[in-house]
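The file entry.cif contains mmCIF, all heavy atoms:
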data_coords
loop_
_atom_site.label_atom_id
_atom_site.label_comp_id
_atom_site.auth_asym_id
_atom_site.auth_seq_id
_atom_site.Cartn_x
_atom_site.Cartn_y
_atom_site.Cartn_z
N MET A 1 100.68 -26.99 70.71
CA MET A 1 100.48 -28.06 71.67
C MET A 1 101.56 -29.14 71.51
O MET A 1 102.18 -29.53 72.48
CB MET A 1 99.08 -28.66 71.45
CG MET A 1 98.82 -29.89 72.23
SD MET A 1 98.22 -29.48 73.84
CE MET A 1 97.55 -31.02 74.31
N ILE A 2 101.76 -29.61 70.28
CA ILE A 2 102.77 -30.66 70.04
C ILE A 2 104.16 -30.09 70.24
O ILE A 2 105.03 -30.77 70.81
CB ILE A 2 102.60 -31.25 68.62
CG1 ILE A 2 101.27 -31.99 68.53
CG2 ILE A 2 103.74 -32.18 68.29
CD1 ILE A 2 100.97 -32.55 67.16
N SER A 3 104.40 -28.85 69.82
CA SER A 3 105.73 -28.25 70.00
C SER A 3 106.06 -28.08 71.48
O SER A 3 107.22 -28.21 71.88
CB SER A 3 105.82 -26.92 69.27
OG SER A 3 104.89 -26.00 69.80
N THR A 4 105.06 -27.79 72.29
CA THR A 4 105.28 -27.67 73.74
C THR A 4 105.68 -29.01 74.32
O THR A 4 106.59 -29.09 75.17
CB THR A 4 104.00 -27.16 74.43
OG1 THR A 4 103.60 -25.94 73.83
CG2 THR A 4 104.24 -26.94 75.91
N PHE A 5 105.03 -30.07 73.88
CA PHE A 5 105.36 -31.41 74.35
C PHE A 5 106.78 -31.80 73.95
O PHE A 5 107.53 -32.35 74.75
CB PHE A 5 104.36 -32.43 73.80
CG PHE A 5 104.70 -33.85 74.16
CD1 PHE A 5 104.53 -34.30 75.45
CD2 PHE A 5 105.22 -34.71 73.21
CE1 PHE A 5 104.85 -35.60 75.80
CE2 PHE A 5 105.55 -36.01 73.53
CZ PHE A 5 105.35 -36.46 74.84
N ILE A 6 107.16 -31.51 72.71
CA ILE A 6 108.51 -31.83 72.23
C ILE A 6 109.55 -31.04 73.01
O ILE A 6 110.58 -31.58 73.42
CB ILE A 6 108.62 -31.57 70.71
CG1 ILE A 6 107.74 -32.55 69.94
CG2 ILE A 6 110.06 -31.67 70.25
CD1 ILE A 6 107.63 -32.27 68.47
N LEU A 7 109.29 -29.77 73.22
CA LEU A 7 110.23 -28.93 73.98
C LEU A 7 110.37 -29.43 75.42
O LEU A 7 111.48 -29.51 75.95
CB LEU A 7 109.76 -27.47 73.97
CG LEU A 7 110.66 -26.46 74.63
CD1 LEU A 7 112.01 -26.42 73.92
CD2 LEU A 7 110.02 -25.09 74.61
N THR A 8 109.28 -29.79 76.03
CA THR A 8 109.32 -30.33 77.40
C THR A 8 110.10 -31.64 77.45
O THR A 8 110.89 -31.87 78.37
CB THR A 8 107.89 -30.55 77.93
OG1 THR A 8 107.16 -29.32 77.84
CG2 THR A 8 107.89 -31.02 79.37
N ALA A 9 109.90 -32.49 76.46
CA ALA A 9 110.62 -33.77 76.42
C ALA A 9 112.12 -33.54 76.24
O ALA A 9 112.94 -34.21 76.89
CB ALA A 9 110.08 -34.63 75.28
N LEU A 10 112.51 -32.59 75.40
CA LEU A 10 113.94 -32.30 75.20
C LEU A 10 114.57 -31.73 76.47
O LEU A 10 115.69 -32.12 76.85
CB LEU A 10 114.11 -31.31 74.05
CG LEU A 10 113.90 -31.88 72.65
CD1 LEU A 10 113.92 -30.77 71.62
CD2 LEU A 10 114.95 -32.91 72.35
N ILE A 11 113.91 -30.82 77.12
CA ILE A 11 114.44 -30.22 78.35
C ILE A 11 114.57 -31.28 79.44
O ILE A 11 115.59 -31.36 80.13
CB ILE A 11 113.55 -29.05 78.81
CG1 ILE A 11 113.69 -27.89 77.83
CG2 ILE A 11 113.92 -28.60 80.22
CD1 ILE A 11 112.74 -26.75 78.07
N THR A 12 113.55 -32.13 79.57
CA THR A 12 113.59 -33.18 80.59
C THR A 12 114.72 -34.17 80.33
O THR A 12 115.47 -34.52 81.25
CB THR A 12 112.24 -33.93 80.62
OG1 THR A 12 111.19 -33.00 80.85
CG2 THR A 12 112.22 -34.97 81.72
N SER A 13 114.87 -34.60 79.09
CA SER A 13 115.94 -35.56 78.78
C SER A 13 117.32 -34.91 78.96
O SER A 13 118.26 -35.58 79.41
CB SER A 13 115.79 -36.11 77.38
OG SER A 13 115.89 -35.08 76.43
N SER A 14 117.45 -33.63 78.67
CA SER A 14 118.73 -32.95 78.87
C SER A 14 119.07 -32.87 80.36
O SER A 14 120.22 -33.12 80.76
CB SER A 14 118.67 -31.54 78.29
OG SER A 14 118.47 -31.58 76.91
N LEU A 15 118.10 -32.53 81.17
CA LEU A 15 118.35 -32.46 82.61
C LEU A 15 118.70 -33.82 83.19
O LEU A 15 119.59 -33.93 84.05
CB LEU A 15 117.12 -31.87 83.32
CG LEU A 15 116.87 -30.39 83.07
CD1 LEU A 15 115.56 -29.96 83.71
CD2 LEU A 15 118.02 -29.55 83.58
N ILE A 16 118.02 -34.85 82.73
CA ILE A 16 118.34 -36.21 83.22
C ILE A 16 119.75 -36.59 82.82
O ILE A 16 120.51 -37.16 83.62
CB ILE A 16 117.30 -37.22 82.69
CG1 ILE A 16 115.96 -36.99 83.37
CG2 ILE A 16 117.77 -38.66 82.89
CD1 ILE A 16 114.82 -37.80 82.79
N ALA A 17 120.17 -36.27 81.59
CA ALA A 17 121.52 -36.60 81.13
C ALA A 17 122.57 -35.86 81.95
O ALA A 17 123.60 -36.44 82.32
CB ALA A 17 121.67 -36.25 79.66
N ILE A 18 122.32 -34.61 82.28
CA ILE A 18 123.27 -33.83 83.10
C ILE A 18 123.40 -34.44 84.48
O ILE A 18 124.51 -34.59 85.00
CB ILE A 18 122.83 -32.36 83.17
CG1 ILE A 18 123.02 -31.70 81.80
CG2 ILE A 18 123.60 -31.60 84.24
CD1 ILE A 18 122.42 -30.32 81.70
N VAL A 19 122.29 -34.81 85.09
CA VAL A 19 122.33 -35.41 86.43
C VAL A 19 123.08 -36.74 86.40
O VAL A 19 123.91 -37.02 87.28
CB VAL A 19 120.90 -35.58 86.98
CG1 VAL A 19 120.90 -36.44 88.24
CG2 VAL A 19 120.28 -34.23 87.27
N VAL A 20 122.84 -37.55 85.39
CA VAL A 20 123.53 -38.85 85.29
C VAL A 20 125.02 -38.64 85.12
O VAL A 20 125.84 -39.31 85.77
CB VAL A 20 122.94 -39.68 84.12
CG1 VAL A 20 123.81 -40.87 83.80
CG2 VAL A 20 121.53 -40.13 84.46
N LEU A 21 125.44 -37.71 84.26
CA LEU A 21 126.87 -37.47 84.06
C LEU A 21 127.53 -36.93 85.32
O LEU A 21 128.67 -37.30 85.63
CB LEU A 21 127.07 -36.50 82.89
CG LEU A 21 126.75 -37.09 81.51
CD1 LEU A 21 126.81 -36.00 80.46
CD2 LEU A 21 127.70 -38.20 81.18
N LEU A 22 126.85 -36.08 86.05
CA LEU A 22 127.41 -35.57 87.30
C LEU A 22 127.56 -36.69 88.33
O LEU A 22 128.54 -36.73 89.06
CB LEU A 22 126.56 -34.44 87.85
CG LEU A 22 126.65 -33.12 87.10
CD1 LEU A 22 125.64 -32.13 87.65
CD2 LEU A 22 128.05 -32.55 87.17
N ASN A 23 126.60 -37.59 88.39
CA ASN A 23 126.69 -38.71 89.34
C ASN A 23 127.82 -39.66 88.96
O ASN A 23 128.49 -40.21 89.83
CB ASN A 23 125.36 -39.47 89.41
CG ASN A 23 124.35 -38.72 90.24
OD1 ASN A 23 124.70 -37.93 91.11
ND2 ASN A 23 123.08 -38.96 89.96
N ILE A 24 128.04 -39.88 87.68
CA ILE A 24 129.13 -40.75 87.25
C ILE A 24 130.47 -40.12 87.63
O ILE A 24 131.38 -40.81 88.10
CB ILE A 24 129.06 -41.01 85.73
CG1 ILE A 24 127.89 -41.93 85.43
CG2 ILE A 24 130.36 -41.62 85.21
CD1 ILE A 24 127.63 -42.12 83.95
N SER A 25 130.62 -38.82 87.45
CA SER A 25 131.89 -38.17 87.76
C SER A 25 132.17 -38.17 89.26
O SER A 25 133.32 -38.17 89.68
CB SER A 25 131.92 -36.74 87.21
OG SER A 25 131.02 -35.92 87.92
N LYS A 26 131.15 -38.17 90.10
CA LYS A 26 131.36 -38.24 91.55
C LYS A 26 131.91 -39.58 91.98
O LYS A 26 132.62 -39.69 92.96
CB LYS A 26 130.04 -37.99 92.29
CG LYS A 26 129.61 -36.57 92.36
CD LYS A 26 128.35 -36.47 93.19
CE LYS A 26 127.76 -35.09 93.15
NZ LYS A 26 126.49 -35.03 93.89
N LYS A 27 131.58 -40.63 91.25
CA LYS A 27 131.97 -41.98 91.62
C LYS A 27 133.38 -42.33 91.17
O LYS A 27 133.83 -43.43 91.35
CB LYS A 27 130.98 -42.99 91.05
CG LYS A 27 129.59 -42.84 91.64
CD LYS A 27 128.60 -43.77 91.01
CE LYS A 27 127.22 -43.52 91.57
NZ LYS A 27 126.20 -44.28 90.89
N GLY A 28 134.09 -41.40 90.55
CA GLY A 28 135.46 -41.64 90.15
C GLY A 28 135.61 -42.49 88.92
O GLY A 28 136.63 -43.12 88.72
N LYS A 29 134.62 -42.50 88.05
CA LYS A 29 134.71 -43.31 86.84
C LYS A 29 135.31 -42.54 85.69
O LYS A 29 135.47 -43.08 84.61
CB LYS A 29 133.32 -43.83 86.45
CG LYS A 29 132.76 -44.80 87.45
CD LYS A 29 131.43 -45.34 87.00
CE LYS A 29 130.89 -46.32 88.02
NZ LYS A 29 129.58 -46.84 87.62
N GLU A 30 135.63 -41.27 85.90
CA GLU A 30 136.27 -40.50 84.84
C GLU A 30 137.74 -40.90 84.73
O GLU A 30 138.27 -41.57 85.61
CB GLU A 30 136.14 -38.99 85.09
CG GLU A 30 136.99 -38.47 86.23
CD GLU A 30 136.37 -38.66 87.60
OE1 GLU A 30 135.27 -39.17 87.70
OE2 GLU A 30 137.04 -38.29 88.56
N GLY A 31 138.41 -40.50 83.70
CA GLY A 31 139.81 -40.85 83.49
C GLY A 31 140.71 -40.25 84.56
O GLY A 31 140.56 -39.11 84.95
N SER A 32 141.67 -41.02 85.04
CA SER A 32 142.55 -40.54 86.09
C SER A 32 143.87 -40.01 85.55
O SER A 32 144.59 -39.33 86.24
CB SER A 32 142.83 -41.66 87.09
OG SER A 32 143.53 -42.70 86.44
N LYS A 33 144.20 -40.33 84.29
CA LYS A 33 145.43 -39.88 83.64
C LYS A 33 146.68 -40.22 84.47
O LYS A 33 147.65 -39.49 84.48
CB LYS A 33 145.37 -38.38 83.37
CG LYS A 33 144.29 -37.99 82.39
CD LYS A 33 144.35 -36.50 82.11
CE LYS A 33 143.33 -36.09 81.11
NZ LYS A 33 141.96 -36.21 81.54
N GLY A 34 146.64 -41.31 85.19
CA GLY A 34 147.81 -41.75 85.94
C GLY A 34 147.95 -41.13 87.32
O GLY A 34 148.91 -41.40 88.01
N ILE A 35 147.02 -40.29 87.72
CA ILE A 35 147.10 -39.65 89.03
C ILE A 35 146.44 -40.57 90.05
O ILE A 35 145.34 -41.07 89.85
CB ILE A 35 146.39 -38.29 89.03
CG1 ILE A 35 146.94 -37.39 87.93
CG2 ILE A 35 146.50 -37.62 90.38
CD1 ILE A 35 148.41 -37.07 88.04
N THR A 36 147.11 -40.78 91.16
CA THR A 36 146.59 -41.64 92.22
C THR A 36 146.47 -40.82 93.50
O THR A 36 146.85 -39.66 93.54
CB THR A 36 147.53 -42.82 92.48
OG1 THR A 36 148.79 -42.32 92.92
CG2 THR A 36 147.74 -43.66 91.24
N ASN A 37 145.98 -41.46 94.53
CA ASN A 37 145.99 -40.81 95.84
C ASN A 37 147.43 -40.68 96.31
O ASN A 37 148.31 -41.42 95.87
CB ASN A 37 145.19 -41.63 96.85
CG ASN A 37 143.71 -41.64 96.53
OD1 ASN A 37 143.19 -40.71 95.93
ND2 ASN A 37 143.03 -42.71 96.90
N GLU A 38 147.67 -39.75 97.20
CA GLU A 38 149.03 -39.51 97.67
C GLU A 38 149.55 -40.74 98.41
O GLU A 38 148.85 -41.34 99.21
CB GLU A 38 149.05 -38.31 98.60
CG GLU A 38 150.44 -37.86 98.99
CD GLU A 38 150.42 -36.60 99.80
OE1 GLU A 38 150.29 -35.52 99.20
OE2 GLU A 38 150.53 -36.69 101.04
N TYR A 39 150.78 -41.13 98.09
CA TYR A 39 151.42 -42.25 98.76
C TYR A 39 152.89 -41.92 98.99
O TYR A 39 153.43 -41.01 98.40
CB TYR A 39 151.28 -43.54 97.95
CG TYR A 39 152.01 -43.53 96.62
CD1 TYR A 39 153.29 -44.03 96.51
CD2 TYR A 39 151.41 -42.99 95.48
CE1 TYR A 39 153.97 -44.01 95.30
CE2 TYR A 39 152.08 -42.97 94.27
CZ TYR A 39 153.35 -43.49 94.18
OH TYR A 39 154.02 -43.46 93.00
N THR A 40 153.54 -42.67 99.85
CA THR A 40 154.95 -42.45 100.15
C THR A 40 155.77 -43.54 99.48
O THR A 40 155.49 -44.74 99.64
CB THR A 40 155.18 -42.48 101.68
OG1 THR A 40 154.30 -41.54 102.29
CG2 THR A 40 156.61 -42.12 102.02
N SER A 41 156.79 -43.14 98.72
CA SER A 41 157.63 -44.11 98.02
C SER A 41 158.59 -44.77 99.01
O SER A 41 158.65 -44.41 100.18
CB SER A 41 158.41 -43.41 96.91
OG SER A 41 159.33 -42.50 97.47
N LYS A 42 159.35 -45.74 98.50
CA LYS A 42 160.31 -46.43 99.36
C LYS A 42 161.38 -45.49 99.88
O LYS A 42 161.94 -45.70 100.95
CB LYS A 42 160.97 -47.58 98.59
CG LYS A 42 160.01 -48.68 98.25
CD LYS A 42 160.69 -49.78 97.47
CE LYS A 42 159.70 -50.86 97.07
NZ LYS A 42 160.32 -51.91 96.25
N ALA A 43 161.68 -44.41 99.11
CA ALA A 43 162.69 -43.44 99.53
C ALA A 43 162.12 -42.41 100.52
O ALA A 43 162.86 -41.55 100.97
CB ALA A 43 163.24 -42.72 98.30
N GLY A 44 160.83 -42.50 100.82
CA GLY A 44 160.23 -41.58 101.76
C GLY A 44 159.69 -40.31 101.13
O GLY A 44 159.33 -39.37 101.82
N ILE A 45 159.60 -40.29 99.80
CA ILE A 45 159.10 -39.11 99.09
C ILE A 45 157.60 -39.29 98.84
O ILE A 45 157.17 -40.35 98.41
CB ILE A 45 159.83 -38.93 97.75
CG1 ILE A 45 161.33 -38.78 98.00
CG2 ILE A 45 159.29 -37.73 96.98
CD1 ILE A 45 162.16 -38.84 96.74
N LYS A 46 156.83 -38.24 99.11
CA LYS A 46 155.39 -38.31 98.84
C LYS A 46 155.16 -38.09 97.35
O LYS A 46 155.65 -37.14 96.77
CB LYS A 46 154.64 -37.26 99.66
CG LYS A 46 154.63 -37.56 101.13
CD LYS A 46 153.75 -36.61 101.89
CE LYS A 46 153.75 -36.99 103.36
NZ LYS A 46 152.88 -36.13 104.13
N ARG A 47 154.38 -38.99 96.74
CA ARG A 47 154.11 -38.93 95.31
C ARG A 47 152.60 -39.05 95.07
O ARG A 47 151.88 -39.57 95.89
CB ARG A 47 154.84 -40.04 94.58
CG ARG A 47 156.35 -39.99 94.77
CD ARG A 47 157.03 -40.96 93.82
NE ARG A 47 158.45 -41.04 94.08
CZ ARG A 47 159.35 -40.26 93.49
NH1 ARG A 47 158.97 -39.35 92.62
NH2 ARG A 47 160.63 -40.40 93.75
N THR A 48 152.18 -38.58 93.86
CA THR A 48 150.78 -38.70 93.49
C THR A 48 150.57 -39.28 92.10
O THR A 48 149.45 -39.49 91.69
CB THR A 48 150.08 -37.33 93.52
OG1 THR A 48 150.77 -36.45 92.64
CG2 THR A 48 150.06 -36.75 94.92
N ALA A 49 151.62 -39.53 91.34
CA ALA A 49 151.48 -40.05 89.98
C ALA A 49 152.12 -41.43 89.86
O ALA A 49 153.07 -41.75 90.57
CB ALA A 49 152.11 -39.10 88.98
N LYS A 50 151.60 -42.23 88.97
CA LYS A 50 152.15 -43.57 88.74
C LYS A 50 153.46 -43.47 87.97
O LYS A 50 153.75 -42.47 87.31
CB LYS A 50 151.16 -44.40 87.93
CG LYS A 50 149.87 -44.66 88.67
CD LYS A 50 148.93 -45.46 87.81
CE LYS A 50 147.61 -45.68 88.51
NZ LYS A 50 146.64 -46.36 87.65
N LYS A 51 154.28 -44.51 88.01
CA LYS A 51 155.57 -44.52 87.36
C LYS A 51 155.44 -44.41 85.84
O LYS A 51 156.25 -43.76 85.19
CB LYS A 51 156.31 -45.83 87.72
CG LYS A 51 157.68 -45.96 87.12
CD LYS A 51 158.64 -44.96 87.70
CE LYS A 51 160.03 -45.20 87.13
NZ LYS A 51 160.98 -44.21 87.55
N ASP A 52 154.40 -45.00 85.25
CA ASP A 52 154.25 -44.96 83.79
C ASP A 52 153.82 -43.58 83.29
O ASP A 52 153.65 -43.38 82.10
CB ASP A 52 153.27 -46.03 83.32
CG ASP A 52 151.90 -45.88 83.92
OD1 ASP A 52 151.72 -45.06 84.84
OD2 ASP A 52 150.98 -46.60 83.48
N ARG A 53 153.70 -42.62 84.15
CA ARG A 53 153.30 -41.26 83.77
C ARG A 53 154.51 -40.42 83.37
O ARG A 53 154.40 -39.22 83.14
CB ARG A 53 152.54 -40.60 84.91
CG ARG A 53 152.13 -39.20 84.68
CD ARG A 53 150.65 -39.04 84.81
NE ARG A 53 150.34 -37.61 84.83
CZ ARG A 53 149.75 -36.99 83.85
NH1 ARG A 53 149.37 -37.66 82.81
NH2 ARG A 53 149.50 -35.71 83.93
N SER A 54 155.69 -41.02 83.24
CA SER A 54 156.89 -40.26 82.94
C SER A 54 156.84 -39.62 81.55
O SER A 54 157.46 -38.59 81.32
CB SER A 54 158.12 -41.14 83.05
OG SER A 54 158.04 -42.22 82.16
N ASP A 55 156.11 -40.22 80.59
CA ASP A 55 155.95 -39.60 79.27
C ASP A 55 154.83 -38.57 79.36
O ASP A 55 153.70 -38.90 79.71
CB ASP A 55 155.58 -40.66 78.22
CG ASP A 55 156.73 -41.62 77.99
OD1 ASP A 55 157.89 -41.21 78.18
OD2 ASP A 55 156.45 -42.79 77.65
N HIS A 56 155.16 -37.32 79.04
CA HIS A 56 154.17 -36.26 79.15
C HIS A 56 153.27 -36.23 77.92
O HIS A 56 153.72 -36.39 76.80
CB HIS A 56 154.85 -34.91 79.32
CG HIS A 56 155.68 -34.83 80.56
ND1 HIS A 56 155.13 -34.74 81.80
CD2 HIS A 56 157.02 -34.85 80.76
CE1 HIS A 56 156.08 -34.69 82.72
NE2 HIS A 56 157.24 -34.77 82.11
N ILE A 57 151.99 -36.01 78.16
CA ILE A 57 151.04 -35.88 77.07
C ILE A 57 151.00 -34.42 76.66
O ILE A 57 150.75 -33.54 77.46
CB ILE A 57 149.65 -36.33 77.51
CG1 ILE A 57 149.70 -37.78 77.98
CG2 ILE A 57 148.63 -36.13 76.41
CD1 ILE A 57 148.44 -38.25 78.64
N VAL A 58 151.29 -34.17 75.39
CA VAL A 58 151.32 -32.78 74.91
C VAL A 58 150.25 -32.60 73.86
O VAL A 58 149.96 -33.40 73.06
CB VAL A 58 152.69 -32.42 74.33
CG1 VAL A 58 152.69 -30.98 73.81
CG2 VAL A 58 153.76 -32.61 75.38
#
Exercise: express the given structure as structure tokens:
Amino acid sequence: MISTFILTALITSSLIAIVVLLNISKKGKEGSKGITNEYTSKAGIKRTAKKDRSDHIV
């Protein structure tokens, strides 16, 4: 009886945590790593990364 309650509580809290994390990622709060929406530079070139992204993360 008690083990069933504990198991149900763990499953419920896990599902709630998954739903919350998925909702946060939809709102764009995850890391962008310097990637932006597509824009056109002054030279007329379409770009998607910020200027400070020139150093590559390895």
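For the pair atom C of Leu7 of chain A and atom CB of Asn23 of chain A, the separation is 22.8 Å.
Note that the spacing between atom CA of Phe5 of chain A and atom CA of Val20 of chain A amounts to 22.5 Å.
Picture a line from atom CG1 of Ile2 of chain A to atom CA of Ser14 of chain A; it runs 20.3 Å.
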Applied to the shown file, which residues does the PyMOL selection byres ((chain A and resi 37) around 4.5) return, written as a tab-separated table (two decimals) with all heavy atoms, keeping the file's coordinate frame?
chain	number	residue	atom	x	y	z
A	36	THR	N	147.11	-40.78	91.16
A	36	THR	CA	146.59	-41.64	92.22
A	36	THR	C	146.47	-40.82	93.50
A	36	THR	O	146.85	-39.66	93.54
A	36	THR	CB	147.53	-42.82	92.48
A	36	THR	OG1	148.79	-42.32	92.92
A	36	THR	CG2	147.74	-43.66	91.24
A	38	GLU	N	147.67	-39.75	97.20
A	38	GLU	CA	149.03	-39.51	97.67
A	38	GLU	C	149.55	-40.74	98.41
A	38	GLU	O	148.85	-41.34	99.21
A	38	GLU	CB	149.05	-38.31	98.60
A	38	GLU	CG	150.44	-37.86	98.99
A	38	GLU	CD	150.42	-36.60	99.80
A	38	GLU	OE1	150.29	-35.52	99.20
A	38	GLU	OE2	150.53	-36.69	101.04
A	39	TYR	N	150.78	-41.13	98.09
A	39	TYR	CA	151.42	-42.25	98.76
A	39	TYR	C	152.89	-41.92	98.99
A	39	TYR	O	153.43	-41.01	98.40
A	39	TYR	CB	151.28	-43.54	97.95
A	39	TYR	CG	152.01	-43.53	96.62
A	39	TYR	CD1	153.29	-44.03	96.51
A	39	TYR	CD2	151.41	-42.99	95.48
A	39	TYR	CE1	153.97	-44.01	95.30
A	39	TYR	CE2	152.08	-42.97	94.27
A	39	TYR	CZ	153.35	-43.49	94.18
A	39	TYR	OH	154.02	-43.46	93.00
A	47	ARG	N	154.38	-38.99	96.74
A	47	ARG	CA	154.11	-38.93	95.31
A	47	ARG	C	152.60	-39.05	95.07
A	47	ARG	O	151.88	-39.57	95.89
A	47	ARG	CB	154.84	-40.04	94.58
A	47	ARG	CG	156.35	-39.99	94.77
A	47	ARG	CD	157.03	-40.96	93.82
A	47	ARG	NE	158.45	-41.04	94.08
A	47	ARG	CZ	159.35	-40.26	93.49
A	47	ARG	NH1	158.97	-39.35	92.62
A	47	ARG	NH2	160.63	-40.40	93.75
A	48	THR	N	152.18	-38.58	93.86
A	48	THR	CA	150.78	-38.70	93.49
A	48	THR	C	150.57	-39.28	92.10
A	48	THR	O	149.45	-39.49	91.69
A	48	THR	CB	150.08	-37.33	93.52
A	48	THR	OG1	150.77	-36.45	92.64
A	48	THR	CG2	150.06	-36.75	94.92
Quick one: axis-aligned box around all listed atoms of segment 35-49 of chain A, 6 Å on every side, centre and edge lengths in Å to one decimal, written as JSON.
{"center_x": 153.1, "center_y": -43.7, "center_z": 95.9, "size_x": 32.2, "size_y": 28.4, "size_z": 28.4}
